[in-house]
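Visitor: Input structure: entry_14.csv, which contains CSV, C-alpha atoms.
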```csv
chain,number,residue,atom,x,y,z
A,13,MET,CA,24.7,3.2,5.7
A,14,ASP,CA,27.4,0.7,4.5
A,15,ASN,CA,27.6,-2.2,6.9
A,16,ILE,CA,24.3,-1.3,8.6
A,17,THR,CA,21.4,-3.6,8.3
A,18,ILE,CA,17.8,-2.7,9.0
A,19,LYS,CA,15.6,-5.6,10.1
A,20,ASP,CA,11.9,-6.0,10.6
A,21,VAL,CA,11.5,-7.4,14.1
A,22,ARG,CA,7.8,-7.1,14.8
A,23,ASN,CA,7.0,-9.7,17.5
A,24,ALA,CA,10.3,-11.3,16.9
A,25,LEU,CA,12.7,-9.8,19.5
A,26,SER,CA,14.6,-12.2,21.7
A,27,GLU,CA,14.9,-11.5,25.4
A,28,SER,CA,18.6,-10.6,25.0
A,29,GLN,CA,17.7,-8.1,22.2
A,30,LYS,CA,15.1,-6.5,24.4
A,31,GLU,CA,17.7,-6.1,27.1
A,32,GLU,CA,20.1,-4.6,24.6
A,33,ILE,CA,17.5,-2.1,23.4
A,34,ILE,CA,16.6,-1.1,27.0
A,35,ASN,CA,20.3,-0.5,27.6
A,36,LEU,CA,20.6,1.5,24.4
A,37,TRP,CA,17.7,3.7,25.5
A,38,LYS,CA,19.1,4.1,29.0
A,39,SER,CA,22.6,5.1,27.7
A,40,GLY,CA,21.0,7.7,25.5
A,41,GLY,CA,18.7,9.0,28.2
A,42,ALA,CA,15.6,8.2,26.0
A,43,PHE,CA,13.3,7.7,29.0
A,44,SER,CA,13.2,9.2,32.4
A,45,ASP,CA,10.6,6.6,33.4
A,46,MET,CA,11.7,3.2,32.4
A,47,SER,CA,8.2,1.7,32.7
A,48,ALA,CA,7.4,3.7,29.6
A,49,ALA,CA,10.3,1.9,27.9
A,50,ASN,CA,8.6,-1.4,28.6
A,51,GLN,CA,5.5,-0.2,26.9
A,52,ARG,CA,7.6,1.1,24.0
A,53,LEU,CA,9.2,-2.3,23.5
A,54,LYS,CA,5.8,-3.6,22.3
A,55,GLU,CA,5.8,-1.1,19.5
A,56,ILE,CA,9.2,-1.9,18.1
A,57,PHE,CA,9.1,-2.4,14.4
A,58,ALA,CA,12.7,-2.4,13.2
A,59,ILE,CA,16.2,-2.4,14.5
A,60,ALA,CA,19.5,-1.3,12.8
A,61,LEU,CA,22.5,-3.6,13.3
A,62,ASP,CA,26.1,-2.7,12.7
A,63,LYS,CA,28.6,-5.1,11.1
A,64,ASN,CA,29.1,-6.8,14.5
A,65,GLN,CA,25.3,-7.4,14.8
A,66,LYS,CA,25.1,-4.8,17.6
A,67,ILE,CA,21.9,-2.8,17.8
A,68,ILE,CA,22.7,0.8,17.1
A,69,ALA,CA,19.1,2.2,16.5
A,70,VAL,CA,15.5,1.3,17.1
A,71,SER,CA,12.3,2.4,15.5
A,72,THR,CA,8.8,2.0,16.9
A,73,CYS,CA,5.4,2.3,15.2
A,74,TYR,CA,1.9,2.5,16.6
A,75,GLU,CA,-1.5,3.3,15.3
A,76,ASP,CA,-3.3,6.5,16.3
A,77,ILE,CA,-5.8,9.1,15.2
A,78,ASP,CA,-3.9,12.1,13.9
A,79,PRO,CA,-5.2,15.3,15.7
A,80,ILE,CA,-4.8,17.4,12.6
A,81,LEU,CA,-6.1,15.1,9.8
A,82,ASN,CA,-8.5,13.1,12.1
A,83,LEU,CA,-7.5,10.0,10.3
A,84,LYS,CA,-6.0,6.8,11.5
A,85,LEU,CA,-2.3,6.7,10.7
A,86,HIS,CA,0.8,4.7,11.6
A,87,PHE,CA,3.1,6.9,13.7
A,88,ILE,CA,6.8,6.2,13.4
A,89,ARG,CA,9.5,7.1,15.9
A,90,ALA,CA,13.3,6.4,15.9
A,91,PHE,CA,16.1,6.4,18.4
A,92,VAL,CA,19.6,6.3,17.2
A,93,ALA,CA,22.7,5.8,19.3
A,94,GLU,CA,24.6,9.1,19.5
A,95,SER,CA,27.8,7.5,17.9
A,96,SER,CA,25.7,6.5,14.8
A,97,ARG,CA,23.7,9.7,14.2
A,98,GLU,CA,25.7,10.8,11.2
A,99,PHE,CA,24.4,7.8,9.1
A,100,LYS,CA,20.8,9.2,8.8
A,101,ILE,CA,19.5,5.9,10.1
A,102,GLY,CA,16.3,7.6,11.2
A,103,THR,CA,15.4,8.5,7.7
A,104,GLU,CA,16.2,5.0,6.4
A,105,PHE,CA,13.9,3.6,9.1
A,106,ILE,CA,11.1,5.8,7.9
A,107,VAL,CA,11.6,4.6,4.3
A,108,PHE,CA,11.9,1.0,5.4
A,109,ILE,CA,8.8,1.1,7.6
A,110,LEU,CA,6.6,3.0,5.1
A,111,ASN,CA,7.6,0.7,2.2
A,112,THR,CA,6.8,-2.4,4.3
A,113,LEU,CA,3.5,-1.0,5.5
A,114,GLU,CA,2.5,0.2,2.1
A,115,ASN,CA,3.1,-3.3,0.7
A,116,GLU,CA,0.8,-4.7,3.4
A,117,TYR,CA,-1.9,-2.0,2.9
A,118,ASP,CA,-5.3,-3.1,1.5
A,119,PRO,CA,-7.2,-0.1,0.1
A,120,ASN,CA,-10.4,-2.1,0.4
A,121,ASN,CA,-10.0,-2.5,4.2
A,122,GLU,CA,-11.4,0.8,5.7
A,123,ASN,CA,-10.1,-0.1,9.2
A,124,LEU,CA,-6.5,0.1,8.2
A,125,PRO,CA,-4.4,3.3,8.6
A,126,ILE,CA,-4.2,5.0,5.2
A,127,GLY,CA,-0.6,6.2,5.7
A,128,GLY,CA,2.4,6.7,7.9
A,129,ALA,CA,3.3,9.9,9.7
A,130,TRP,CA,6.1,11.2,12.0
A,131,VAL,CA,6.5,14.3,14.0
A,132,LEU,CA,9.7,16.3,14.2
A,133,GLU,CA,10.5,17.4,17.7
A,134,ASN,CA,14.3,17.7,17.7
A,135,GLU,CA,15.5,21.2,16.5
A,136,LEU,CA,18.4,19.8,14.5
A,137,VAL,CA,16.2,17.3,12.7
A,138,LYS,CA,13.6,20.0,12.0
A,139,ASN,CA,16.3,21.9,10.1
A,140,ASN,CA,17.1,18.9,8.0
A,141,TYR,CA,13.5,18.4,7.0
A,142,LYS,CA,12.5,21.8,5.6
A,143,LEU,CA,11.4,20.7,2.1
A,144,ALA,CA,7.7,20.4,2.0
A,145,VAL,CA,7.9,17.4,-0.2
A,146,SER,CA,10.6,14.8,0.4
A,147,ARG,CA,11.4,12.6,-2.6
A,148,HIS,CA,13.4,10.2,-0.5
A,149,THR,CA,10.6,9.4,2.0
A,150,LYS,CA,7.8,10.3,-0.5
A,151,SER,CA,6.3,12.3,2.3
A,152,THR,CA,4.7,15.8,2.6
A,153,PHE,CA,4.4,18.3,5.4
A,154,TYR,CA,0.8,18.6,6.7
A,155,GLY,CA,0.8,20.8,9.7
A,156,TYR,CA,2.2,21.3,13.2
A,157,HIS,CA,1.5,19.0,16.2
A,158,HIS,CA,1.0,21.1,19.3
A,159,GLY,CA,1.4,24.1,17.1
A,160,ILE,CA,5.2,23.8,16.9
A,161,ASN,CA,6.3,20.4,15.7
A,162,PRO,CA,6.2,19.8,11.9
A,163,ALA,CA,4.3,16.6,11.0
A,164,ARG,CA,4.9,14.7,7.8
A,165,VAL,CA,2.8,12.0,6.1
A,166,ARG,CA,3.0,9.5,3.2
A,167,PHE,CA,-0.4,8.4,2.1
A,168,PHE,CA,-0.4,4.9,0.8
A,169,ALA,CA,-1.1,4.2,-2.9
A,170,ASN,CA,-4.9,4.3,-3.7
A,171,SER,CA,-5.8,5.3,-0.1
A,172,LYS,CA,-9.1,7.2,0.3
A,173,ILE,CA,-10.2,9.7,2.9
A,174,PRO,CA,-12.6,7.4,4.8
A,175,ASN,CA,-15.5,9.8,5.3
A,176,LEU,CA,-16.2,13.5,5.5
A,177,LEU,CA,-16.3,14.6,9.1
A,178,THR,CA,-18.2,17.4,10.6
A,179,HIS,CA,-16.1,20.2,12.0
A,180,GLU,CA,-17.2,19.2,15.5
A,181,GLN,CA,-15.9,15.7,14.9
A,182,TYR,CA,-12.7,17.2,13.5
B,20,MET,CA,-12.9,17.8,-25.3
B,21,SER,CA,-11.0,18.3,-28.6
B,22,SER,CA,-12.9,21.4,-29.4
B,23,ILE,CA,-12.3,23.1,-26.0
B,24,ASN,CA,-9.8,26.0,-26.1
B,25,PHE,CA,-8.1,27.0,-22.9
B,26,GLN,CA,-7.0,30.6,-22.8
B,27,ALA,CA,-4.5,32.1,-20.2
B,28,CYS,CA,-5.7,35.4,-18.7
B,29,PHE,CA,-3.8,36.4,-15.6
B,30,ASN,CA,-4.9,40.0,-15.5
B,31,ASN,CA,-4.9,40.3,-19.3
B,32,ILE,CA,-8.4,39.9,-20.5
B,33,SER,CA,-10.0,41.6,-23.5
B,34,PRO,CA,-13.2,43.7,-23.0
B,35,GLN,CA,-15.1,41.1,-25.0
B,36,ASP,CA,-13.9,38.3,-22.8
B,37,LYS,CA,-14.7,40.3,-19.6
B,38,LEU,CA,-18.3,40.6,-20.8
B,39,ALA,CA,-18.4,36.9,-21.7
B,40,ILE,CA,-17.1,35.9,-18.3
B,41,ILE,CA,-19.6,38.1,-16.5
B,42,SER,CA,-22.3,36.6,-18.6
B,43,PHE,CA,-21.0,33.1,-17.8
B,44,TRP,CA,-21.1,33.9,-14.1
B,45,LYS,CA,-24.7,35.2,-14.4
B,46,ASN,CA,-26.0,32.4,-16.5
B,47,SER,CA,-24.5,29.8,-14.2
B,48,GLY,CA,-25.9,31.6,-11.2
B,49,LEU,CA,-22.6,32.0,-9.5
B,50,SER,CA,-22.6,35.8,-9.2
B,51,ASN,CA,-26.0,35.7,-7.6
B,52,THR,CA,-25.4,32.8,-5.2
B,53,LEU,CA,-21.9,33.6,-4.2
B,54,ASP,CA,-22.3,37.4,-4.0
B,55,PHE,CA,-18.8,38.3,-5.1
B,56,ASP,CA,-17.3,41.5,-6.5
B,57,GLU,CA,-17.1,40.8,-10.3
B,58,GLU,CA,-14.3,43.4,-11.0
B,59,GLN,CA,-12.3,42.0,-8.2
B,60,ARG,CA,-12.8,38.4,-9.3
B,61,LEU,CA,-11.9,39.3,-12.9
B,62,LYS,CA,-8.4,40.3,-11.7
B,63,GLN,CA,-8.0,36.9,-10.2
B,64,ILE,CA,-8.8,34.9,-13.3
B,65,GLY,CA,-6.2,32.4,-14.5
B,66,PHE,CA,-7.7,30.5,-17.4
B,67,ILE,CA,-10.9,30.4,-19.3
B,68,ALA,CA,-12.3,27.5,-21.3
B,69,LYS,CA,-14.2,28.2,-24.5
B,70,ASN,CA,-16.2,25.9,-26.7
B,71,SER,CA,-16.1,25.7,-30.5
B,72,SER,CA,-18.6,28.5,-30.7
B,73,ASN,CA,-16.2,30.7,-28.7
B,74,GLU,CA,-18.5,30.7,-25.7
B,75,VAL,CA,-17.0,30.8,-22.2
B,76,ILE,CA,-17.9,27.5,-20.5
B,77,GLY,CA,-15.4,27.4,-17.7
B,78,VAL,CA,-13.4,29.8,-15.6
B,79,SER,CA,-10.6,29.3,-13.0
B,80,SER,CA,-9.4,32.0,-10.6
B,81,TYR,CA,-6.9,32.3,-7.8
B,82,TYR,CA,-6.0,34.5,-4.9
B,83,LEU,CA,-3.2,34.6,-2.4
B,84,ASP,CA,-3.8,34.0,1.3
B,85,ILE,CA,-2.1,32.6,4.4
B,86,ASP,CA,-3.3,29.0,5.1
B,87,GLU,CA,-4.3,28.7,8.7
B,88,TYR,CA,-3.3,25.0,8.9
B,89,LEU,CA,0.0,25.2,7.0
B,90,ASN,CA,0.9,28.6,8.4
B,91,ALA,CA,2.3,30.0,5.1
B,92,PRO,CA,1.2,31.8,1.9
B,93,PHE,CA,-0.6,29.7,-0.7
B,94,TYR,CA,-2.6,30.4,-3.9
B,95,TYR,CA,-6.2,29.4,-3.4
B,96,LEU,CA,-7.7,28.0,-6.6
B,97,ARG,CA,-11.3,28.0,-7.8
B,98,ALA,CA,-12.9,26.6,-10.9
B,99,ALA,CA,-16.4,26.9,-12.3
B,100,VAL,CA,-17.8,25.1,-15.3
B,101,ALA,CA,-21.2,25.5,-17.1
B,102,LYS,CA,-23.7,22.9,-15.9
B,103,LYS,CA,-24.0,21.2,-19.3
B,104,ASN,CA,-20.2,20.8,-19.5
B,105,GLN,CA,-19.7,19.4,-16.0
B,106,LYS,CA,-18.2,15.9,-15.5
B,107,SER,CA,-16.2,16.5,-18.7
B,108,GLY,CA,-12.8,17.1,-17.0
B,109,ILE,CA,-12.8,20.8,-17.8
B,110,ALA,CA,-12.5,21.9,-14.2
B,111,ALA,CA,-9.6,19.5,-13.6
B,112,GLN,CA,-7.8,20.9,-16.7
B,113,LEU,CA,-8.4,24.5,-15.6
B,114,VAL,CA,-6.9,23.7,-12.2
B,115,ASP,CA,-4.1,21.8,-13.7
B,116,LYS,CA,-3.1,24.6,-16.2
B,117,MET,CA,-3.5,27.3,-13.6
B,118,THR,CA,-1.4,25.5,-11.0
B,119,ARG,CA,1.4,24.8,-13.4
B,120,GLN,CA,1.4,28.4,-14.6
B,121,LEU,CA,1.5,29.9,-11.1
B,122,GLU,CA,4.3,27.5,-10.2
B,123,LYS,CA,6.2,28.4,-13.3
B,124,VAL,CA,6.0,32.1,-12.6
B,125,CYS,CA,7.1,31.6,-9.0
B,126,LEU,CA,10.1,29.5,-10.1
B,127,GLU,CA,11.1,31.9,-12.8
B,128,LYS,CA,11.0,34.8,-10.4
B,129,ASN,CA,12.8,32.7,-7.7
B,130,ASP,CA,9.9,33.7,-5.4
B,131,THR,CA,10.0,31.2,-2.5
B,132,SER,CA,7.5,33.1,-0.4
B,133,VAL,CA,4.5,31.3,-1.9
B,134,LYS,CA,4.7,27.6,-1.0
B,135,GLY,CA,2.1,26.2,-3.4
B,136,ALA,CA,-1.5,26.0,-4.3
B,137,VAL,CA,-4.5,24.9,-2.3
B,138,ILE,CA,-7.8,23.6,-3.6
B,139,VAL,CA,-11.0,23.4,-1.5
B,140,TYR,CA,-13.8,21.1,-2.7
B,141,GLU,CA,-17.0,22.8,-1.7
B,142,ASN,CA,-19.3,20.8,-3.9
B,143,PRO,CA,-20.5,17.6,-2.1
B,144,SER,CA,-20.5,15.6,-5.3
B,145,LEU,CA,-16.9,16.6,-6.0
B,146,GLN,CA,-15.9,15.8,-2.4
B,147,LYS,CA,-17.2,12.3,-2.9
B,148,PHE,CA,-15.7,11.8,-6.3
B,149,PHE,CA,-12.3,13.2,-5.4
B,150,ASN,CA,-11.9,11.2,-2.2
B,151,GLY,CA,-8.3,10.0,-2.7
B,152,ALA,CA,-5.8,11.1,-0.1
B,153,VAL,CA,-3.6,12.1,-3.1
B,154,VAL,CA,-5.1,13.5,-6.3
B,155,GLU,CA,-2.9,13.5,-9.3
B,156,SER,CA,-2.0,15.9,-12.1
B,157,PRO,CA,-0.6,17.9,-10.6
B,158,THR,CA,-0.2,16.1,-7.3
B,159,PHE,CA,-2.5,17.5,-4.5
B,160,TYR,CA,-2.3,16.0,-1.0
B,161,PHE,CA,-5.1,16.0,1.6
B,162,TYR,CA,-4.2,18.0,4.7
B,163,ALA,CA,-7.3,19.2,6.4
B,164,ILE,CA,-11.1,19.4,6.7
B,165,ASP,CA,-11.7,23.1,7.1
B,166,LYS,CA,-14.3,24.9,9.3
B,167,LYS,CA,-16.9,24.6,6.5
B,168,ASN,CA,-16.4,20.8,6.5
B,169,CYS,CA,-14.6,20.9,3.2
B,170,PRO,CA,-11.6,18.8,2.5
B,171,ARG,CA,-8.5,20.8,1.5
B,172,ARG,CA,-5.6,19.6,-0.6
B,173,VAL,CA,-2.3,21.2,-1.3
B,174,HIS,CA,0.2,21.1,-4.2
B,175,TYR,CA,3.6,22.2,-3.0
B,176,PHE,CA,5.7,24.1,-5.6
B,177,LYS,CA,9.1,22.6,-6.4
B,178,ASN,CA,11.6,22.9,-3.6
B,179,ALA,CA,9.1,24.7,-1.3
B,180,LYS,CA,10.3,24.9,2.3
B,181,ILE,CA,8.2,24.9,5.4
B,182,VAL,CA,8.3,27.5,8.0
B,183,ASN,CA,9.7,26.2,11.3
```
Could you spell out this file's structure in structure tokens?
Guide:
Amino acid sequence: MDNITIKDVRNALSESQKEEIINLWKSGGAFSDMSAANQRLKEIFAIALDKNQKIIAVSTCYEDIDPILNLKLHFIRAFVAESSREFKIGTEFIVFILNTLENEYDPNNENLPIGGAWVLENELVKNNYKLAVSRHTKSTFYGYHHGINPARVRFFANSKIPNLLTHEQY
Amino acid sequence: MSSINFQACFNNISPQDKLAIISFWKNSGLSNTLDFDEEQRLKQIGFIAKNSSNEVIGVSSYYLDIDEYLNAPFYYLRAAVAKKNQKSGIAAQLVDKMTRQLEKVCLEKNDTSVKGAVIVYENPSLQKFFNGAVVESPTFYFYAIDKKNCPRRVHYFKNAKIVN
């Protein structure tokens, strides 16, 4: 991770950076439908820059109700240029985003997501995340999305389960 | 709490303690309301708590099962405390001691098949009191509301690996 900088760019991307990100996604085949990429641009949370200030990775974050926990969580995704995948930037994005969001979290505001989650879809990445508890990301495994993709969560400090749901609601 | 004695059992219970435990279950109404097999449950006991008069005032037990949400084997923990001793932290201590002992045994045996311990709060008051997403000592993480509408929390044993 030497010479790589992770930067919070929420609502702060320049037009040229947006174009650079679209090109990064295109070159990596991230989207078959580029209209989805335009939507994803709105969710960008952080970028990783190399020593030449070139964008080599992008992470996005959005709020959603988790289908397993039935709780509102932040969901984090990352895309890393193939040439930079050995640097474990994806993991560093997760740590960066979770730390940032946890600092902003107010346990008294029940409308806020109570943690951050991510779902492992790539087989290689799944093999790198076998420990049920990760000390580095301070996250734990909590189930499988779609029955096959392991999902992990870090609950923010002092977060509460908002209410007890009926099984029908669950 | 200073006069409470916690005693490890783990399938090693004296005949006197067996009678005391059965009596505790009957007096607290558990064996009537829950309709369980006493002999079977005695084999599952982890710790008992006794007061200064050597009376059993709390019992913790465990059994092994596959968790349907986490898709792996876990110890399921239970704790019961005499009504007059509730809200005194005895149940939490029983769970704490039993979890640590079960984890210790798995680590000593290098048994990685059991991934951790699960606790299900069935009591509505406890559900409201322990509403943190993460409950400490040892650390239990919320992971599901089960089919009985009870929140489940899991403590993973050290270096537990998930099944892909």
Visitor: Would you list the residues near (-16.1, 26.2, -20.4), meaning any protein, DNA or RNA residue with an atom at most 12 Å from that point in file coordinates, counting all atoms listed in the file, as an mmCIF file with C-alpha atoms, keeping the file's coordinate frame?
Guide:
```
data_model
loop_
_atom_site.group_PDB
_atom_site.id
_atom_site.type_symbol
_atom_site.label_atom_id
_atom_site.label_comp_id
_atom_site.auth_asym_id
_atom_site.auth_seq_id
_atom_site.Cartn_x
_atom_site.Cartn_y
_atom_site.Cartn_z
ATOM 1 C CA MET B 20 -12.900 17.800 -25.300
ATOM 2 C CA SER B 22 -12.900 21.400 -29.400
ATOM 3 C CA ILE B 23 -12.300 23.100 -26.000
ATOM 4 C CA ASN B 24 -9.800 26.000 -26.100
ATOM 5 C CA PHE B 25 -8.100 27.000 -22.900
ATOM 6 C CA GLN B 26 -7.000 30.600 -22.800
ATOM 7 C CA ALA B 39 -18.400 36.900 -21.700
ATOM 8 C CA ILE B 40 -17.100 35.900 -18.300
ATOM 9 C CA PHE B 43 -21.000 33.100 -17.800
ATOM 10 C CA TRP B 44 -21.100 33.900 -14.100
ATOM 11 C CA SER B 47 -24.500 29.800 -14.200
ATOM 12 C CA PHE B 66 -7.700 30.500 -17.400
ATOM 13 C CA ILE B 67 -10.900 30.400 -19.300
ATOM 14 C CA ALA B 68 -12.300 27.500 -21.300
ATOM 15 C CA LYS B 69 -14.200 28.200 -24.500
ATOM 16 C CA ASN B 70 -16.200 25.900 -26.700
ATOM 17 C CA SER B 71 -16.100 25.700 -30.500
ATOM 18 C CA SER B 72 -18.600 28.500 -30.700
ATOM 19 C CA ASN B 73 -16.200 30.700 -28.700
ATOM 20 C CA GLU B 74 -18.500 30.700 -25.700
ATOM 21 C CA VAL B 75 -17.000 30.800 -22.200
ATOM 22 C CA ILE B 76 -17.900 27.500 -20.500
ATOM 23 C CA GLY B 77 -15.400 27.400 -17.700
ATOM 24 C CA VAL B 78 -13.400 29.800 -15.600
ATOM 25 C CA SER B 79 -10.600 29.300 -13.000
ATOM 26 C CA ALA B 98 -12.900 26.600 -10.900
ATOM 27 C CA ALA B 99 -16.400 26.900 -12.300
ATOM 28 C CA VAL B 100 -17.800 25.100 -15.300
ATOM 29 C CA ALA B 101 -21.200 25.500 -17.100
ATOM 30 C CA LYS B 102 -23.700 22.900 -15.900
ATOM 31 C CA LYS B 103 -24.000 21.200 -19.300
ATOM 32 C CA ASN B 104 -20.200 20.800 -19.500
ATOM 33 C CA GLN B 105 -19.700 19.400 -16.000
ATOM 34 C CA LYS B 106 -18.200 15.900 -15.500
ATOM 35 C CA SER B 107 -16.200 16.500 -18.700
ATOM 36 C CA GLY B 108 -12.800 17.100 -17.000
ATOM 37 C CA ILE B 109 -12.800 20.800 -17.800
ATOM 38 C CA ALA B 110 -12.500 21.900 -14.200
ATOM 39 C CA ALA B 111 -9.600 19.500 -13.600
ATOM 40 C CA GLN B 112 -7.800 20.900 -16.700
ATOM 41 C CA LEU B 113 -8.400 24.500 -15.600
#
```
Visitor: Counting all atoms listed in the file, which residue out of B:Pro92, B:Phe29, B:Pro170, B:Gln59 sits closest to B:Leu145?
Guide: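 So, comparing all the options, the nearest one is B:Pro170.
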Visitor: Distance limit 6 Å, atoms considered: all atoms listed in the file. Which chain A residues sit that close to chain B? Return them as a list of chain:residue names.
Guide: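 Applying the cut-off to the listed atoms yields A:Leu81, A:Lys142, A:Leu143, A:Ala144, A:Tyr154, A:Gly155, A:Ser171, A:Lys172, A:Ile173, A:Thr178, A:His179.
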Visitor: In terms of the shortest atom-to-atom distance over all atoms listed in the file, which of A:Ser47, A:Asn120, A:Asn111, A:Asn161 is closest to A:Asn139?
Guide: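 Ranking A:Ser47, A:Asn120, A:Asn111, A:Asn161 by distance to A:Asn139, first place goes to A:Asn161.
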Visitor: Please report the interatomic distance between atom CA of A:Ala69 and atom CA of A:Phe91 in Å with one decimal.
Guide: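 Value for the atom CA of A:Ala69-atom CA of A:Phe91 distance: 5.5 Å.
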Visitor: Quick one: residues within 12 Å of A:His158, all atoms listed in the file counted, chain neighbours fewer than 2 positions away excluded, as a list in words?
Guide: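 Returned residues: Asp78, Pro79, Ile80, Val131, Leu132, Glu133, Gly155, Tyr156, Ile160, Asn161, Pro162 and Ala163 of chain A; Tyr88 of chain B.
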Visitor: Atom CA of A:Val21 and atom CA of A:Ile109, how far apart in Å?
Guide: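 Result for atom CA of A:Ile109 versus atom CA of A:Val21: 11.0 Å, one decimal.
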Visitor: Could you check which residues have any atom within 12 Å of (18.8, 14.8, 10.3), counting only C-alpha atoms with coordinates taken straight from the file, and then list them as a VMD selection string?
Guide: chain A and resid 90 to 92 96 to 104 132 to 142
Visitor: State, in Å with one decimal place, the distance from atom CA of A:Gly40 to atom CA of A:Ser71.
Guide: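 Separation of atom CA of A:Gly40 and atom CA of A:Ser71: 14.3 Å.
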Visitor: Near B:Thr118, counting all atoms listed in the file, which residues have an atom at most 7 Å away, once you skip same-chain residues fewer than 4 positions from it, shown as a list in words?
Guide: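 Close residues of B:Thr118: Val114, Glu122 and Ala136 of chain B.
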Visitor: Can those selected residues be exported to a file as a short mmCIF file (atom, residue, chain, number, x, y, z; two decimals), in the coordinates of the input so that it contains C-alpha atoms?
Guide:
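So the final result, stored in result34.cif, reads:
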```cif
data_model
loop_
_atom_site.label_atom_id
_atom_site.label_comp_id
_atom_site.auth_asym_id
_atom_site.auth_seq_id
_atom_site.Cartn_x
_atom_site.Cartn_y
_atom_site.Cartn_z
CA VAL B 114 -6.90 23.70 -12.20
CA GLU B 122 4.30 27.50 -10.20
CA ALA B 136 -1.50 26.00 -4.30
#
```
Visitor: For A:Ala169, which residue among A:Ala129, A:Ile34, A:Leu110, A:Ile16 is the nearest when counting only C-alpha atoms?
Guide: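 Under the stated criterion, the closest residue is A:Leu110.
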Visitor: Go through A:Val145, A:Ile68, A:Val165, A:Ala60 one by one, measure the shortest atom-to-atom distance of each to A:Ala93 using all atoms listed in the file, and give the residue with the smallest value.
Guide: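 So, comparing all the options, the nearest one is A:Ile68.
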Visitor: When you get a chance, write out N, CA, C and O atoms for stretch 13-24 of chain A, as a PDB file, in the frame of the given file.
Guide:
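See rebuild05.pdb below for the written result:
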```
ATOM      1  N   MET A  13      25.558   4.373   5.338  1.00  0.00           N
ATOM      2  CA  MET A  13      24.700   3.200   5.700  1.00  0.00           C
ATOM      3  C   MET A  13      25.395   1.896   5.349  1.00  0.00           C
ATOM      4  O   MET A  13      24.800   0.849   5.545  1.00  0.00           O
ATOM      5  N   ASP A  14      26.647   1.946   4.819  1.00  0.00           N
ATOM      6  CA  ASP A  14      27.400   0.700   4.500  1.00  0.00           C
ATOM      7  C   ASP A  14      27.552  -0.068   5.840  1.00  0.00           C
ATOM      8  O   ASP A  14      27.823   0.510   6.885  1.00  0.00           O
ATOM      9  N   ASN A  15      27.423  -1.356   5.768  1.00  0.00           N
ATOM     10  CA  ASN A  15      27.600  -2.200   6.900  1.00  0.00           C
ATOM     11  C   ASN A  15      26.518  -2.068   7.992  1.00  0.00           C
ATOM     12  O   ASN A  15      26.677  -2.546   9.105  1.00  0.00           O
ATOM     13  N   ILE A  16      25.461  -1.367   7.665  1.00  0.00           N
ATOM     14  CA  ILE A  16      24.300  -1.300   8.600  1.00  0.00           C
ATOM     15  C   ILE A  16      23.140  -1.968   7.984  1.00  0.00           C
ATOM     16  O   ILE A  16      22.819  -1.752   6.816  1.00  0.00           O
ATOM     17  N   THR A  17      22.513  -2.820   8.786  1.00  0.00           N
ATOM     18  CA  THR A  17      21.400  -3.600   8.300  1.00  0.00           C
ATOM     19  C   THR A  17      20.121  -3.191   9.074  1.00  0.00           C
ATOM     20  O   THR A  17      20.160  -3.135  10.304  1.00  0.00           O
ATOM     21  N   ILE A  18      19.058  -2.924   8.343  1.00  0.00           N
ATOM     22  CA  ILE A  18      17.800  -2.700   9.000  1.00  0.00           C
ATOM     23  C   ILE A  18      16.918  -3.929   8.903  1.00  0.00           C
ATOM     24  O   ILE A  18      16.816  -4.527   7.826  1.00  0.00           O
ATOM     25  N   LYS A  19      16.345  -4.308  10.025  1.00  0.00           N
ATOM     26  CA  LYS A  19      15.600  -5.600  10.100  1.00  0.00           C
ATOM     27  C   LYS A  19      14.264  -5.413  10.709  1.00  0.00           C
ATOM     28  O   LYS A  19      14.128  -4.743  11.737  1.00  0.00           O
ATOM     29  N   ASP A  20      13.257  -5.994  10.068  1.00  0.00           N
ATOM     30  CA  ASP A  20      11.900  -6.000  10.600  1.00  0.00           C
ATOM     31  C   ASP A  20      11.863  -7.013  11.766  1.00  0.00           C
ATOM     32  O   ASP A  20      12.126  -8.197  11.552  1.00  0.00           O
ATOM     33  N   VAL A  21      11.533  -6.538  12.968  1.00  0.00           N
ATOM     34  CA  VAL A  21      11.500  -7.400  14.100  1.00  0.00           C
ATOM     35  C   VAL A  21      10.187  -7.435  14.849  1.00  0.00           C
ATOM     36  O   VAL A  21      10.123  -7.709  16.048  1.00  0.00           O
ATOM     37  N   ARG A  22       9.139  -7.143  14.121  1.00  0.00           N
ATOM     38  CA  ARG A  22       7.800  -7.100  14.800  1.00  0.00           C
ATOM     39  C   ARG A  22       7.523  -8.469  15.413  1.00  0.00           C
ATOM     40  O   ARG A  22       7.567  -9.502  14.744  1.00  0.00           O
ATOM     41  N   ASN A  23       7.261  -8.473  16.685  1.00  0.00           N
ATOM     42  CA  ASN A  23       7.000  -9.700  17.500  1.00  0.00           C
ATOM     43  C   ASN A  23       8.037 -10.757  17.331  1.00  0.00           C
ATOM     44  O   ASN A  23       7.749 -11.953  17.418  1.00  0.00           O
ATOM     45  N   ALA A  24       9.241 -10.345  17.117  1.00  0.00           N
ATOM     46  CA  ALA A  24      10.300 -11.300  16.900  1.00  0.00           C
ATOM     47  C   ALA A  24      11.566 -11.005  17.700  1.00  0.00           C
ATOM     48  O   ALA A  24      12.647 -11.526  17.383  1.00  0.00           O
TER      49      ALA A  24
END
```
